Structure formats: C-alpha cells, structure tokens
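Input: a single structure, listed below in structure tokens.
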Amino acid sequence: MRKPGLVASDVDGTLLDPMERVSPRTARTVQRVVASGTPFILVTGRPPRWMPTVVEGLGVSGVTVCANGAVLYDAAADRVLQSHVIDPMLLHDVARELRHELPGCAFAVERTTDGARDRPHEQFLAEVDFRRAWPNSDIRVAGTDELTGKPAVKLLVLHEHMTSAEMAAAAGEVLGSQLQLTYSTTAGLIELSAPGVDKATGLAAVAEELGVAQEDVIAFGDMPNDVPMLEWAGHGVAMRNAHKEALAAADEVTITNAEDGVAHVLDRWW
C-alpha cells in the first residue's frame, strides 16, 4: 500500500514482546510515525487501567480503543471519552443462559469510570471462582447479582476445562446476535460486548474523527478479536505467531512479535 495515513495496532501478542514489554526498536519506530504527523492508535481488548504502562513504554500517547472497541480512552488526558455498554437486564439473561450452557463457568465484568486511575475498585468485578482461576490484584470479588446489576462494557466468561474456541462455539449457539462474542486468548476465556461493537467499529470511529479514509489505514493483530479490524483496514497485517483466523483475515503476514513484527513493516515508510 501507499504510505499509511493512520497506523493501528493491537497490544498483546502484536505490539508487545512475549514478556509484555515494548522493545526499544518498536518504541523508536512508533515515535517516528507520530513525529511525522501520522496518528498511531492502540486498539486492544485491554481496559483503560491496563494502558498506562504500554503508553509509557512507547513514549507517545493519545486516543486508544479499549475493551475490543467498547471504550475510547484518551491516554494523554487519562479520560474515558466514550463507552458502549451492555444493559443490565441483558447481562442478567445472558449470564443465566451461559451458566446453563457452560456448567462450571465463572463471570467477570469490566466497567468504566472517568479514567484509568479513577475509582479502580469499581472497574473490574468477578465471581470468586473467576478470581481463583485468574488471580489478579485488580479484581474485586462480587456475587452474580452485583456483576449484572449495572451496565458493563464487557462480560468475561471463564472455564478451566474448555478452550476459548470450544466456549465460543457453544456460547455462540445460545447467544446468536444478542452480544458480540470474541476471544483474545486460547486459555478458556471469552469476551462479550454490546451488539455490533468490535475493534473495527472503534477504529472506524477514530479514523472518521481524524479524517482518515478507511483505505489509508494499516492495522496489526494476532487473535480472533483482531479479525474485524484486520478485515476493515485498507491493509491488515497479522503476526507470524497469530491465530489461524487472524492469518486468514490479513492481507500480509509479518514476522513475530518477538522479532518486532510491527516495526519491521512500518520501517518501510518511517
């Protein structure tokens, strides 16, 4: 493609190395992109509170697309700009359906506050079995009724004895189009967002705001939650270490995230 007018990148398994760090080469390349006046947008399944370390590693900040497209977050101002939420009644009904379809599963929800550092105890709530299998200091343990009692930007479903693909297949049969279903790891975790919300819709909103045409966007990713973005962008690039669905959706395959695959492609122009 011609020189991109906007660069979009997934974070885990794509921009970061296997130790979840921004490599010096990747940081230098991204800084050159931004210095040239070309927007560089992070598009991730991560919530805003998990973005500051990535932004610090890059040395540049701006609007990021978080929670698989459900949240637009200004990392420079630490401010949530927009959220697409799941209605509590729908959360309740879906949790009940999935509990029946996936016996032994556990639930968590992601919510947004005004910024990444604002009221962190209100942002990530999970059932005790979720916390046990997914230990994380961010989690506040709560019962199912509390999880589903308020709007959330993401419903996470965990199962210790199934793969993410197996869970997605079973859940998809039950949910239909009620929620947007995807996954970003193979380790028994699926992620549900409001209907029609994914990385492509989040990135498209940012591109429109910046006045960049779809065909001038280059996007990088590695997992099924990146597929909508890879297909939407004018040029979609999958990492060599990517999931087979991401590889199939991409226009190009670069080297792995351990080898600075994003920088390897962007160095053509910067």
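Ligands are numbered from 1 in the order shown, chains are lettered A, B, ... in the order of the structure tokens, and residues start at 1 in each chain.
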- request: Using only C-alpha atoms, determine which residues lie at most 12 Å from stretch 32-35 of chain A, disregarding the query and same-chain residues fewer than 2 positions distant; provide the list as a ChimeraX atom specification.
  value: /A:3-8,25-30,37-41,58-62,262-263,265-270
Produce a file of the selected residues containing C-alpha atoms, as a CSV table (one decimal), in the first residue's frame.
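This went into out.csv:
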chain,number,residue,atom,x,y,z
A,3,LYS,CA,2.2,5.3,2.9
A,4,PRO,CA,-0.5,4.9,5.6
A,5,GLY,CA,-2.5,7.8,6.9
A,6,LEU,CA,-3.2,6.0,10.2
A,7,VAL,CA,-1.5,3.1,12.0
A,8,ALA,CA,-3.5,0.9,14.3
A,25,ARG,CA,13.1,-0.8,18.3
A,26,THR,CA,9.3,-0.7,18.4
A,27,ALA,CA,9.3,2.4,20.5
A,28,ARG,CA,11.7,4.2,18.2
A,29,THR,CA,9.6,3.3,15.1
A,30,VAL,CA,6.3,4.4,16.7
A,37,GLY,CA,2.2,13.6,11.9
A,38,THR,CA,0.7,10.2,11.3
A,39,PRO,CA,-1.7,9.0,14.0
A,40,PHE,CA,-0.8,5.8,15.9
A,41,ILE,CA,-3.7,4.2,17.6
A,58,LEU,CA,6.0,3.7,23.7
A,59,GLY,CA,6.8,7.2,24.8
A,60,VAL,CA,3.8,8.6,22.9
A,61,SER,CA,0.1,8.8,23.9
A,62,GLY,CA,-3.2,9.7,22.5
A,262,VAL,CA,5.1,-4.2,13.7
A,263,ALA,CA,8.3,-2.2,13.4
A,265,VAL,CA,6.6,-3.4,8.4
A,266,LEU,CA,6.5,0.3,9.5
A,267,ASP,CA,10.2,0.8,8.8
A,268,ARG,CA,9.2,0.7,5.0
A,269,TRP,CA,7.9,4.2,5.4
A,270,TRP,CA,9.4,5.5,8.6
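Every residue of stretch 14-72 of chain A with a DSSP assignment of alpha helix (DSSP H), taken from the backbone, is listed as Pro24, Arg25, Thr26, Ala27, Arg28, Thr29, Val30, Gln31, Arg32, Val33, Val34, Ala35, Pro52, Thr53, Val54, Val55, Glu56, Gly57 and Leu58 of chain A.
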What does the file look like for those residues with N, CA, C and O atoms, as a PDB file, in the first residue's frame?
ATOM      1  N   PRO A  24      12.810  -1.549  22.478  1.00  0.00           N
ATOM      2  CA  PRO A  24      13.379  -0.252  22.065  1.00  0.00           C
ATOM      3  C   PRO A  24      13.165   0.030  20.582  1.00  0.00           C
ATOM      4  O   PRO A  24      12.873   1.168  20.204  1.00  0.00           O
ATOM      5  N   ARG A  25      13.298  -0.996  19.740  1.00  0.00           N
ATOM      6  CA  ARG A  25      13.114  -0.768  18.303  1.00  0.00           C
ATOM      7  C   ARG A  25      11.672  -0.357  17.998  1.00  0.00           C
ATOM      8  O   ARG A  25      11.438   0.592  17.231  1.00  0.00           O
ATOM      9  N   THR A  26      10.716  -1.051  18.586  1.00  0.00           N
ATOM     10  CA  THR A  26       9.311  -0.711  18.350  1.00  0.00           C
ATOM     11  C   THR A  26       9.006   0.691  18.840  1.00  0.00           C
ATOM     12  O   THR A  26       8.331   1.472  18.147  1.00  0.00           O
ATOM     13  N   ALA A  27       9.521   1.064  20.007  1.00  0.00           N
ATOM     14  CA  ALA A  27       9.289   2.407  20.538  1.00  0.00           C
ATOM     15  C   ALA A  27       9.847   3.468  19.600  1.00  0.00           C
ATOM     16  O   ALA A  27       9.183   4.479  19.317  1.00  0.00           O
ATOM     17  N   ARG A  28      11.054   3.246  19.091  1.00  0.00           N
ATOM     18  CA  ARG A  28      11.666   4.228  18.185  1.00  0.00           C
ATOM     19  C   ARG A  28      10.845   4.381  16.914  1.00  0.00           C
ATOM     20  O   ARG A  28      10.630   5.505  16.421  1.00  0.00           O
ATOM     21  N   THR A  29      10.382   3.265  16.366  1.00  0.00           N
ATOM     22  CA  THR A  29       9.604   3.324  15.135  1.00  0.00           C
ATOM     23  C   THR A  29       8.286   4.048  15.353  1.00  0.00           C
ATOM     24  O   THR A  29       7.893   4.908  14.548  1.00  0.00           O
ATOM     25  N   VAL A  30       7.582   3.718  16.420  1.00  0.00           N
ATOM     26  CA  VAL A  30       6.308   4.380  16.707  1.00  0.00           C
ATOM     27  C   VAL A  30       6.518   5.877  16.924  1.00  0.00           C
ATOM     28  O   VAL A  30       5.719   6.706  16.458  1.00  0.00           O
ATOM     29  N   GLN A  31       7.574   6.252  17.582  1.00  0.00           N
ATOM     30  CA  GLN A  31       7.861   7.671  17.801  1.00  0.00           C
ATOM     31  C   GLN A  31       8.125   8.390  16.478  1.00  0.00           C
ATOM     32  O   GLN A  31       7.715   9.545  16.302  1.00  0.00           O
ATOM     33  N   ARG A  32       8.758   7.707  15.537  1.00  0.00           N
ATOM     34  CA  ARG A  32       8.972   8.313  14.208  1.00  0.00           C
ATOM     35  C   ARG A  32       7.643   8.490  13.482  1.00  0.00           C
ATOM     36  O   ARG A  32       7.431   9.503  12.798  1.00  0.00           O
ATOM     37  N   VAL A  33       6.772   7.498  13.595  1.00  0.00           N
ATOM     38  CA  VAL A  33       5.446   7.588  12.971  1.00  0.00           C
ATOM     39  C   VAL A  33       4.709   8.818  13.489  1.00  0.00           C
ATOM     40  O   VAL A  33       4.201   9.639  12.716  1.00  0.00           O
ATOM     41  N   VAL A  34       4.654   8.965  14.799  1.00  0.00           N
ATOM     42  CA  VAL A  34       3.925  10.078  15.413  1.00  0.00           C
ATOM     43  C   VAL A  34       4.586  11.408  15.090  1.00  0.00           C
ATOM     44  O   VAL A  34       3.904  12.409  14.799  1.00  0.00           O
ATOM     45  N   ALA A  35       5.920  11.453  15.098  1.00  0.00           N
ATOM     46  CA  ALA A  35       6.641  12.692  14.794  1.00  0.00           C
ATOM     47  C   ALA A  35       6.384  13.157  13.365  1.00  0.00           C
ATOM     48  O   ALA A  35       6.435  14.356  13.073  1.00  0.00           O
ATOM     49  N   PRO A  52      -1.667   2.559  30.804  1.00  0.00           N
ATOM     50  CA  PRO A  52      -0.566   3.469  31.120  1.00  0.00           C
ATOM     51  C   PRO A  52       0.822   2.877  30.952  1.00  0.00           C
ATOM     52  O   PRO A  52       1.727   3.562  30.452  1.00  0.00           O
ATOM     53  N   THR A  53       1.045   1.624  31.323  1.00  0.00           N
ATOM     54  CA  THR A  53       2.383   1.049  31.179  1.00  0.00           C
ATOM     55  C   THR A  53       2.773   0.895  29.706  1.00  0.00           C
ATOM     56  O   THR A  53       3.942   1.063  29.357  1.00  0.00           O
ATOM     57  N   VAL A  54       1.801   0.589  28.855  1.00  0.00           N
ATOM     58  CA  VAL A  54       2.085   0.464  27.418  1.00  0.00           C
ATOM     59  C   VAL A  54       2.432   1.830  26.835  1.00  0.00           C
ATOM     60  O   VAL A  54       3.409   1.981  26.088  1.00  0.00           O
ATOM     61  N   VAL A  55       1.645   2.825  27.188  1.00  0.00           N
ATOM     62  CA  VAL A  55       1.877   4.186  26.699  1.00  0.00           C
ATOM     63  C   VAL A  55       3.236   4.696  27.162  1.00  0.00           C
ATOM     64  O   VAL A  55       3.988   5.315  26.394  1.00  0.00           O
ATOM     65  N   GLU A  56       3.573   4.432  28.417  1.00  0.00           N
ATOM     66  CA  GLU A  56       4.882   4.843  28.933  1.00  0.00           C
ATOM     67  C   GLU A  56       6.007   4.162  28.169  1.00  0.00           C
ATOM     68  O   GLU A  56       7.039   4.778  27.869  1.00  0.00           O
ATOM     69  N   GLY A  57       5.835   2.900  27.844  1.00  0.00           N
ATOM     70  CA  GLY A  57       6.856   2.167  27.093  1.00  0.00           C
ATOM     71  C   GLY A  57       7.041   2.696  25.683  1.00  0.00           C
ATOM     72  O   GLY A  57       8.162   2.715  25.160  1.00  0.00           O
ATOM     73  N   LEU A  58       5.957   3.149  25.068  1.00  0.00           N
ATOM     74  CA  LEU A  58       6.027   3.701  23.713  1.00  0.00           C
ATOM     75  C   LEU A  58       6.629   5.101  23.695  1.00  0.00           C
ATOM     76  O   LEU A  58       7.273   5.500  22.736  1.00  0.00           O
TER      77      LEU A  58
END
statement: atom CA of A:Val206 sits from atom CA of A:Thr64 at a separation of 8.7 Å
- prompt: Smallest atom-to-atom distance to A:His161: which of A:Pro103, A:Ala200, A:Gly115, A:Glu127, using only C-alpha atoms?
  reply: A:Pro103
Which of stretch 91-257 of chain A fall in strand (DSSP E or B), as a PyMOL selection string: chain A and resi 106-110+124-126+140-141+152+154-158+180-182+189-193+217-221+235-238+252-253
